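structure_18.pdb follows; it contains PDB, C-alpha atoms.
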```pdb
ATOM      1  CA  MET A   3     120.206 -47.087  65.062
ATOM      2  CA  ALA A   4     120.760 -50.836  64.968
ATOM      3  CA  ASN A   5     120.453 -50.825  61.158
ATOM      4  CA  VAL A   6     119.293 -54.378  60.418
ATOM      5  CA  ASP A   7     120.458 -55.246  56.907
ATOM      6  CA  PHE A   8     118.609 -58.549  56.435
ATOM      7  CA  ALA A   9     115.244 -59.841  57.644
ATOM      8  CA  VAL A  10     113.803 -63.347  57.853
ATOM      9  CA  ILE A  11     110.004 -63.268  57.838
ATOM     10  CA  THR A  12     107.572 -66.179  58.072
ATOM     11  CA  GLY A  13     103.977 -66.011  56.874
ATOM     12  CA  VAL A  14     105.013 -63.668  54.082
ATOM     13  CA  SER A  15     102.280 -64.623  51.590
ATOM     14  CA  GLY A  16      99.744 -62.315  53.217
ATOM     15  CA  GLY A  17      98.699 -60.284  56.244
ATOM     16  CA  LEU A  18     101.311 -58.684  58.475
ATOM     17  CA  GLY A  19     104.150 -60.849  57.109
ATOM     18  CA  LYS A  20     103.659 -59.496  53.599
ATOM     19  CA  ALA A  21     103.089 -55.912  54.756
ATOM     20  CA  LEU A  22     106.304 -56.021  56.796
ATOM     21  CA  ALA A  23     108.299 -57.530  53.936
ATOM     22  CA  LEU A  24     107.165 -54.779  51.563
ATOM     23  CA  LYS A  25     108.010 -52.076  54.100
ATOM     24  CA  LEU A  26     111.501 -53.455  54.713
ATOM     25  CA  LEU A  27     112.189 -53.904  51.007
ATOM     26  CA  ASN A  28     111.079 -50.314  50.418
ATOM     27  CA  GLU A  29     113.661 -49.249  53.007
ATOM     28  CA  GLY A  30     116.413 -51.162  51.220
ATOM     29  CA  VAL A  31     116.560 -54.159  53.578
ATOM     30  CA  LYS A  32     117.101 -57.596  52.014
ATOM     31  CA  VAL A  33     114.359 -60.067  52.941
ATOM     32  CA  LEU A  34     114.067 -63.841  53.027
ATOM     33  CA  GLY A  35     110.350 -64.568  52.982
ATOM     34  CA  ILE A  36     109.076 -67.959  54.117
ATOM     35  CA  SER A  37     105.550 -69.171  53.416
ATOM     36  CA  ARG A  38     103.580 -72.086  52.063
ATOM     37  CA  THR A  39     102.244 -70.183  49.029
ATOM     38  CA  ASN A  40     103.804 -67.681  46.634
ATOM     39  CA  PRO A  41     103.682 -64.124  48.060
ATOM     40  CA  GLU A  42     104.020 -62.520  44.594
ATOM     41  CA  ILE A  43     106.496 -59.894  45.729
ATOM     42  CA  LYS A  44     108.663 -58.533  42.923
ATOM     43  CA  ASN A  45     111.924 -57.110  44.234
ATOM     44  CA  LYS A  46     115.581 -57.901  43.546
ATOM     45  CA  ASN A  47     116.279 -57.983  47.293
ATOM     46  CA  PHE A  48     113.492 -60.477  48.031
ATOM     47  CA  TYR A  49     114.190 -64.191  48.364
ATOM     48  CA  TRP A  50     111.372 -66.674  48.895
ATOM     49  CA  GLN A  51     111.391 -70.167  50.314
ATOM     50  CA  SER A  52     108.286 -72.363  50.314
ATOM     51  CA  ILE A  53     107.687 -74.371  53.490
ATOM     52  CA  ASP A  54     104.666 -76.257  54.760
ATOM     53  CA  PHE A  55     104.650 -75.412  58.452
ATOM     54  CA  ASN A  56     102.489 -78.429  59.209
ATOM     55  CA  PHE A  57     105.569 -80.536  58.557
ATOM     56  CA  TYR A  58     108.067 -78.437  60.496
ATOM     57  CA  TYR A  59     110.165 -81.489  61.278
ATOM     58  CA  MET A  60     110.842 -82.038  57.558
ATOM     59  CA  PHE A  61     112.693 -78.734  56.978
ATOM     60  CA  GLY A  62     115.921 -80.703  57.006
ATOM     61  CA  ASP A  63     119.490 -79.665  56.246
ATOM     62  CA  GLY A  64     118.482 -78.326  52.842
ATOM     63  CA  PHE A  65     116.633 -75.409  54.383
ATOM     64  CA  PHE A  66     119.547 -74.712  56.724
ATOM     65  CA  HIS A  67     121.991 -74.517  53.815
ATOM     66  CA  ILE A  68     119.698 -72.217  51.829
ATOM     67  CA  VAL A  69     119.555 -69.735  54.708
ATOM     68  CA  GLU A  70     123.273 -70.029  55.449
ATOM     69  CA  LYS A  71     124.150 -69.438  51.787
ATOM     70  CA  LEU A  72     121.954 -66.336  51.569
ATOM     71  CA  LEU A  73     123.389 -64.802  54.728
ATOM     72  CA  LYS A  74     126.986 -65.384  53.666
ATOM     73  CA  LYS A  75     126.382 -64.395  50.049
ATOM     74  CA  ASN A  76     125.001 -61.014  51.118
ATOM     75  CA  LYS A  77     127.674 -60.521  53.803
ATOM     76  CA  ILE A  78     124.987 -59.945  56.396
ATOM     77  CA  LYS A  79     125.954 -58.441  59.743
ATOM     78  CA  LYS A  80     122.647 -57.683  61.458
ATOM     79  CA  VAL A  81     119.548 -59.862  61.119
ATOM     80  CA  GLY A  82     115.976 -59.187  62.163
ATOM     81  CA  VAL A  83     113.531 -62.102  62.456
ATOM     82  CA  ALA A  84     109.734 -61.715  62.360
ATOM     83  CA  LEU A  85     107.795 -64.932  62.942
ATOM     84  CA  CYS A  86     104.390 -64.017  61.525
ATOM     85  CA  ALA A  87     103.135 -67.395  60.262
ATOM     86  CA  GLY A  88      99.930 -68.297  62.044
ATOM     87  CA  MET A  89      96.900 -70.552  61.921
ATOM     88  CA  LEU A  90      93.620 -69.746  63.688
ATOM     89  CA  GLY A  91      92.061 -73.186  63.780
ATOM     90  CA  ASN A  92      88.377 -73.987  64.212
ATOM     91  CA  SER A  93      85.839 -72.311  66.469
ATOM     92  CA  GLU A  94      84.650 -75.178  68.694
ATOM     93  CA  ASP A  95      84.114 -75.788  72.369
ATOM     94  CA  PHE A  96      86.407 -78.306  74.008
ATOM     95  CA  ALA A  97      83.766 -81.055  74.183
ATOM     96  CA  HIS A  98      83.450 -81.114  70.394
ATOM     97  CA  ALA A  99      87.022 -80.226  69.395
ATOM     98  CA  LYS A 100      89.384 -82.614  67.626
ATOM     99  CA  LEU A 101      92.734 -82.519  69.371
ATOM    100  CA  SER A 102      94.453 -83.560  66.144
ATOM    101  CA  GLU A 103      93.394 -80.172  64.762
ATOM    102  CA  TRP A 104      94.741 -78.455  67.894
ATOM    103  CA  GLU A 105      98.053 -80.193  67.275
ATOM    104  CA  GLN A 106      98.136 -78.755  63.763
ATOM    105  CA  VAL A 107      97.613 -75.219  65.121
ATOM    106  CA  PHE A 108     100.447 -75.747  67.608
ATOM    107  CA  ARG A 109     102.749 -77.065  64.880
ATOM    108  CA  VAL A 110     102.255 -73.996  62.732
ATOM    109  CA  ASN A 111     102.138 -71.251  65.351
ATOM    110  CA  VAL A 112     104.788 -72.537  67.727
ATOM    111  CA  LEU A 113     107.002 -75.334  66.410
ATOM    112  CA  GLY A 114     107.108 -74.205  62.778
ATOM    113  CA  ASN A 115     108.160 -70.678  63.697
ATOM    114  CA  LEU A 116     110.629 -71.982  66.268
ATOM    115  CA  GLN A 117     112.184 -74.261  63.645
ATOM    116  CA  VAL A 118     112.876 -71.270  61.405
ATOM    117  CA  LEU A 119     114.443 -69.378  64.310
ATOM    118  CA  LYS A 120     116.513 -72.444  65.200
ATOM    119  CA  VAL A 121     117.964 -72.487  61.683
ATOM    120  CA  VAL A 122     118.906 -68.796  61.878
ATOM    121  CA  MET A 123     120.096 -68.843  65.505
ATOM    122  CA  PRO A 124     123.688 -70.080  64.910
ATOM    123  CA  TYR A 125     124.261 -67.109  62.605
ATOM    124  CA  LEU A 126     122.754 -64.683  65.135
ATOM    125  CA  LEU A 127     125.004 -66.042  67.871
ATOM    126  CA  GLU A 128     128.052 -65.860  65.613
ATOM    127  CA  LYS A 129     127.359 -62.175  64.890
ATOM    128  CA  GLN A 130     126.255 -61.553  68.499
ATOM    129  CA  PHE A 131     123.236 -59.608  67.297
ATOM    130  CA  GLY A 132     119.541 -60.257  66.800
ATOM    131  CA  ARG A 133     116.165 -58.547  66.805
ATOM    132  CA  ILE A 134     113.416 -61.190  67.023
ATOM    133  CA  VAL A 135     109.639 -60.756  67.014
ATOM    134  CA  PHE A 136     107.036 -63.438  67.691
ATOM    135  CA  LEU A 137     103.360 -62.561  67.289
ATOM    136  CA  SER A 138     101.183 -63.164  70.314
ATOM    137  CA  GLY A 139      97.931 -61.553  71.476
ATOM    138  CA  GLY A 140      94.748 -63.419  70.552
ATOM    139  CA  GLY A 141      94.135 -65.064  73.901
ATOM    140  CA  ALA A 142      97.622 -64.899  75.404
ATOM    141  CA  ALA A 143      96.707 -62.170  77.886
ATOM    142  CA  ASN A 144      93.025 -63.059  78.259
ATOM    143  CA  ALA A 145      90.761 -66.063  77.746
ATOM    144  CA  PHE A 146      89.683 -66.717  74.140
ATOM    145  CA  PRO A 147      87.522 -69.879  74.330
ATOM    146  CA  LYS A 148      86.115 -69.463  70.813
ATOM    147  CA  PHE A 149      89.571 -70.401  69.492
ATOM    148  CA  SER A 150      91.188 -72.272  72.368
ATOM    149  CA  ALA A 151      93.903 -73.958  70.324
ATOM    150  CA  TYR A 152      95.044 -70.599  68.966
ATOM    151  CA  SER A 153      94.936 -69.067  72.452
ATOM    152  CA  LEU A 154      97.036 -71.892  73.899
ATOM    153  CA  SER A 155      99.628 -71.600  71.132
ATOM    154  CA  LYS A 156      99.973 -67.842  71.615
ATOM    155  CA  THR A 157     100.385 -68.245  75.372
ATOM    156  CA  ALA A 158     103.144 -70.797  74.757
ATOM    157  CA  ILE A 159     104.888 -68.283  72.503
ATOM    158  CA  VAL A 160     104.924 -65.673  75.273
ATOM    159  CA  ARG A 161     106.587 -68.053  77.705
ATOM    160  CA  GLU A 162     109.164 -69.169  75.124
ATOM    161  CA  VAL A 163     110.013 -65.524  74.433
ATOM    162  CA  GLU A 164     110.629 -65.047  78.154
ATOM    163  CA  ASN A 165     112.828 -68.157  78.182
ATOM    164  CA  LEU A 166     114.802 -67.110  75.100
ATOM    165  CA  GLY A 167     115.178 -63.593  76.443
ATOM    166  CA  MET A 168     116.957 -64.978  79.488
ATOM    167  CA  GLU A 169     119.096 -67.321  77.371
ATOM    168  CA  LEU A 170     120.255 -64.492  75.093
ATOM    169  CA  GLU A 171     120.773 -61.876  77.804
ATOM    170  CA  ASN A 172     124.556 -62.199  77.946
ATOM    171  CA  LYS A 173     125.181 -63.455  74.420
ATOM    172  CA  GLY A 174     125.434 -60.076  72.673
ATOM    173  CA  ASP A 175     123.171 -57.319  71.373
ATOM    174  CA  PHE A 176     119.892 -59.245  71.451
ATOM    175  CA  SER A 177     116.279 -58.292  71.934
ATOM    176  CA  ILE A 178     113.360 -60.690  71.521
ATOM    177  CA  ILE A 179     109.720 -59.782  72.113
ATOM    178  CA  ALA A 180     106.240 -61.292  71.863
ATOM    179  CA  LEU A 181     104.165 -58.636  70.149
ATOM    180  CA  ALA A 182     100.380 -58.308  70.353
ATOM    181  CA  PRO A 183      99.845 -56.504  67.028
ATOM    182  CA  GLY A 184      96.155 -55.699  67.490
ATOM    183  CA  ALA A 185      93.275 -56.883  65.312
ATOM    184  CA  MET A 186      94.079 -56.266  61.636
ATOM    185  CA  GLU A 187      91.863 -56.563  58.558
ATOM    186  CA  THR A 188      93.068 -59.974  57.397
ATOM    187  CA  ASP A 189      91.482 -63.284  56.376
ATOM    188  CA  MET A 190      92.017 -64.454  59.958
ATOM    189  CA  LEU A 191      90.019 -61.552  61.383
ATOM    190  CA  LYS A 192      87.252 -62.273  58.887
ATOM    191  CA  LYS A 193      87.018 -65.826  60.247
ATOM    192  CA  VAL A 194      86.936 -64.511  63.823
ATOM    193  CA  ARG A 195      84.028 -62.227  62.958
ATOM    194  CA  GLU A 196      82.178 -65.084  61.263
ATOM    195  CA  SER A 197      82.366 -66.983  64.567
ATOM    196  CA  GLY A 198      80.458 -64.154  66.246
ATOM    197  CA  VAL A 199      83.419 -62.441  67.929
ATOM    198  CA  GLN A 200      83.756 -58.715  67.263
ATOM    199  CA  PRO A 201      87.106 -57.031  68.054
ATOM    200  CA  LYS A 202      86.973 -53.907  70.202
ATOM    201  CA  ASN A 203      89.506 -52.082  68.056
ATOM    202  CA  VAL A 204      91.007 -52.655  64.624
ATOM    203  CA  VAL A 205      94.431 -51.263  63.707
ATOM    204  CA  SER A 206      95.855 -50.485  60.297
ATOM    205  CA  ILE A 207      98.217 -53.273  59.254
ATOM    206  CA  ASP A 208     100.863 -50.603  58.695
ATOM    207  CA  GLU A 209     100.894 -49.873  62.441
ATOM    208  CA  PRO A 210     102.451 -53.179  63.601
ATOM    209  CA  ALA A 211     104.596 -53.299  60.432
ATOM    210  CA  THR A 212     106.060 -49.903  61.332
ATOM    211  CA  PHE A 213     106.445 -50.963  64.962
ATOM    212  CA  ILE A 214     108.470 -54.035  63.976
ATOM    213  CA  TYR A 215     110.582 -52.001  61.546
ATOM    214  CA  ASN A 216     111.397 -49.551  64.347
ATOM    215  CA  PHE A 217     112.080 -52.393  66.774
ATOM    216  CA  PHE A 218     114.521 -53.958  64.288
ATOM    217  CA  ASN A 219     116.416 -50.681  64.204
ATOM    218  CA  SER A 220     116.261 -49.741  67.872
ATOM    219  CA  PRO A 221     119.522 -49.782  69.861
ATOM    220  CA  ASN A 222     117.545 -50.313  73.061
ATOM    221  CA  THR A 223     117.268 -53.872  74.409
ATOM    222  CA  CYS A 224     115.420 -53.064  77.655
ATOM    223  CA  LEU A 225     112.315 -55.039  76.629
ATOM    224  CA  ASN A 226     114.164 -58.242  75.813
ATOM    225  CA  GLY A 227     112.006 -61.224  76.765
ATOM    226  CA  ARG A 228     108.839 -59.142  77.125
ATOM    227  CA  PHE A 229     105.225 -59.461  75.959
ATOM    228  CA  ILE A 230     104.063 -56.067  74.704
ATOM    229  CA  HIS A 231     101.212 -54.466  72.778
ATOM    230  CA  VAL A 232     101.768 -52.399  69.656
ATOM    231  CA  ARG A 233      99.904 -49.454  71.196
ATOM    232  CA  ASP A 234     101.604 -49.407  74.580
ATOM    233  CA  GLU A 235     102.750 -45.783  74.939
ATOM    234  CA  ALA A 236     105.371 -46.665  77.561
ATOM    235  CA  VAL A 237     107.008 -49.105  75.151
ATOM    236  CA  VAL A 238     107.283 -46.457  72.449
ATOM    237  CA  LYS A 239     108.613 -43.913  74.951
ATOM    238  CA  TYR A 240     111.408 -46.145  76.211
ATOM    239  CA  LEU A 241     112.215 -48.309  73.211
ATOM    240  CA  PHE A 242     112.487 -45.698  70.496
ATOM    241  CA  ASP A 243     113.894 -42.743  72.445
ATOM    242  CA  ASP A 244     117.698 -42.804  72.140
ATOM    243  CA  LYS A 245     118.013 -40.680  75.292
ATOM    244  CA  ARG A 246     116.345 -43.337  77.461
ATOM    245  CA  LYS A 247     118.370 -46.515  77.480
ATOM    246  CA  GLY A 248     116.468 -48.695  79.927
ATOM    247  CA  LEU A 249     113.459 -49.365  82.119
ATOM    248  CA  ASP A 250     113.259 -49.471  85.864
ATOM    249  CA  ILE A 251     113.128 -53.130  86.932
ATOM    250  CA  LEU A 252     109.659 -52.657  88.469
ATOM    251  CA  ASP A 253     108.366 -51.236  85.192
ATOM    252  CA  ARG A 254     109.854 -54.119  83.232
ATOM    253  CA  GLU A 255     107.801 -56.630  85.219
ATOM    254  CA  LYS A 256     104.622 -55.211  83.652
ATOM    255  CA  TRP A 257     105.452 -56.919  80.374
ATOM    256  CA  LEU A 258     105.755 -60.475  81.665
ATOM    257  CA  LEU A 259     103.051 -63.098  81.166
ATOM    258  CA  ARG A 260     100.510 -62.967  83.991
ATOM    259  CA  ARG A 261     101.236 -65.414  86.751
ATOM    260  CA  ILE A 262     100.114 -66.218  90.279
ATOM    261  CA  GLU A 263     102.858 -66.688  92.829
ATOM    262  CA  LYS A 264     102.835 -67.055  96.614
TER     263      LYS A 264
END
```
Take the structure I supplied and represent it as structure tokens, if you would.
Amino acid sequence: MANVDFAVITGVSGGLGKALALKLLNEGVKVLGISRTNPEIKNKNFYWQSIDFNFYYMFGDGFFHIVEKLLKKNKIKKVGVALCAGMLGNSEDFAHAKLSEWEQVFRVNVLGNLQVLKVVMPYLLEKQFGRIVFLSGGGAANAFPKFSAYSLSKTAIVREVENLGMELENKGDFSIIALAPGAMETDMLKKVRESGVQPKNVVSIDEPATFIYNFFNSPNTCLNGRFIHVRDEAVVKYLFDDKRKGLDILDREKWLLRRIEK
């Protein structure tokens, strides 16, 4: 097992971010939770930092030093990062949408989460280890015109995961994925339903939380840079079976963002 001993989680005040933090803390993993509002998690191994993701560019050196101090103080060797902070935005067609609101969605979902990863990245590179999860789905694999801004941001995340996967390939024991966690009973799903969209399937929030926990502790890096779904049986078979250390290159291409090439 990879045995991650510290996790950095964004969007920890609710939804999957909070569920994952509680699961990791229950397993004895130290957690730095990052959110705009207080997550009300009581645990000696939980550290919380308030950040408004709309102003990602104002994190500044102060945030960097807070993270650096925590990692060194706890003598951390292996870090897992789960970038769960997300904003759905408004349900509007393009003709009536305000692009300033689309920019806000992009700031939170893409640039805010990337800023947190950028702060942690020097430490990951120094230790030559990292397990990193971005949340995608929600229009990344298929059209989602009811929430176009959200769909665009999630598609951008998938491509950046592919880019980072290639960057980190020869830098150590790294694996970064874009995870489609499935529709979960959260405030965001409630807003989706109110717009008239009904999800085909709803998963227990514990399912993606358990998936990420297992991914953090998997020694297998064969899906680095891939876009995968929490219920993909092939992923579970290859990623979490210690006897199977890799995927055939043709199989690996299944988990890249759809593209048209001549």
Best match for closeness to Lys193 in chain A among A:Leu126, A:Val135, A:Met89, A:Leu116, counting all atoms listed in the file:
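Of all the options, A:Met89 lies closest to Lys193 in chain A.
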Please work out which residues fall within 12 Å of (107.0, -66.5, 55.0), coordinates as given in the file, with all atoms listed in the file counting, and return them as a PyMOL selection string.
chain A and resi 9-23+33-43+48-55+83-88+110+114-115+118
State, in Å with one decimal place, the distance from CA of Val6 in chain A to CA of Val81 in chain A.
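Separation of CA of Val6 in chain A and CA of Val81 in chain A: 5.5 Å.
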Pull out every residue that the PyMOL selection byres ((chain A and resi 30-32) around 6) matches in the shown coordinates and put them as a compact mmCIF listing (two decimals) with C-alpha atoms, in the frame of the given file.
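And here is the file that came out, expr01.txt:
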```txt
# COMPACT_ATOMS: atom_id res chain seq x y z
CA ASP A 7 120.46 -55.25 56.91
CA PHE A 8 118.61 -58.55 56.44
CA LEU A 26 111.50 -53.46 54.71
CA LEU A 27 112.19 -53.90 51.01
CA ASN A 28 111.08 -50.31 50.42
CA GLU A 29 113.66 -49.25 53.01
CA VAL A 33 114.36 -60.07 52.94
CA ASN A 47 116.28 -57.98 47.29
```
One decimal, Å: what's the distance from CA of Val112 in chain A over to CA of Leu181 in chain A, could you say?
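Taking CA of Val112 in chain A and CA of Leu181 in chain A, their separation equals 14.1 Å.
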Run the PyMOL selection byres ((chain A and resi 156-161) around 6) mentally over the shown coordinates, then write out the matched residues as a PyMOL selection string, using the chain letters and numbers from the document.
chain A and resi 138+142+153-155+162-164+180
For a quick check of understanding, using only C-alpha atoms, which of A:Glu171, A:Glu70, A:Asp95, A:Glu235 has the smallest distance to Ser197 in chain A?
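When distances to Ser197 in chain A are compared using only C-alpha atoms, the smallest one comes from A:Asp95.
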Straight-line distance linking CA of Val69 in chain A with CA of Met123 in chain A, stated in Å to one decimal:
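Here the two named atoms are 10.8 Å from each other.
With all atoms listed in the file as the atoms that count, the minimum distance from Asn219 in chain A to the choices A:Phe131, A:Tyr152, A:Phe96, A:Phe66 is reached by A:Phe131.
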Surrounding residues of Lys202 in chain A excluding itself and chain neighbours under 4 positions, 12 Å, only C-alpha atoms, as a list in words:
Gly184, Ala185, Met186 and Arg195 of chain A
Just so the selection is clear, what residues does the PyMOL selection byres ((chain A and resi 104) around 10) cover here, as a list in words?
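Output from the PyMOL selection byres ((chain A and resi 104) around 10), applied to this file: Leu90, Gly91, Asn92, Ala99, Lys100, Leu101, Ser102, Glu103, Glu105, Gln106, Val107, Phe108, Arg109, Phe149, Ser150, Ala151, Tyr152, Leu154 and Ser155 of chain A.
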For range 124-140 of chain A, take all atoms listed in the file, fit an axis-aligned box around them, add 4 Å to each of the six sides, then output centre and edge lengths in Å rounded to one decimal, as AutoDock Vina command-line options.
```
--center_x 111.4 --center_y -64.3 --center_z 67.0 --size_x 41.3 --size_y 19.5 --size_z 16.9
```
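The environment of Ser177 in chain A within 6 Å, counting all atoms listed in the file and disregarding residues fewer than 6 places along the same chain, consists of A:Arg133, A:Thr223, A:Asn226.
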Answer as a PyMOL selection string, residues within 9 Å of (89.3, -64.6, 71.0) using all atoms listed in the file
chain A and resi 140-141+144-150+152-153+194+199-201
Shell of 10 Å around Lys129 in chain A, all atoms listed in the file, local chain residues under 3 positions omitted, as a ChimeraX atom specification
/A:78-81,123-126,132,173-175
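Minimum atom-to-atom distance to Asn111 in chain A, evaluated using all atoms listed in the file, belongs to A:Asn56 out of A:Thr212, A:Ser206, A:Asn56, A:Asn45.
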Test item: residues at most 8 Å from Glu209 in chain A, only C-alpha atoms, excluding those fewer than 4 positions along its chain, as a ChimeraX atom specification:
/A:205,213,232
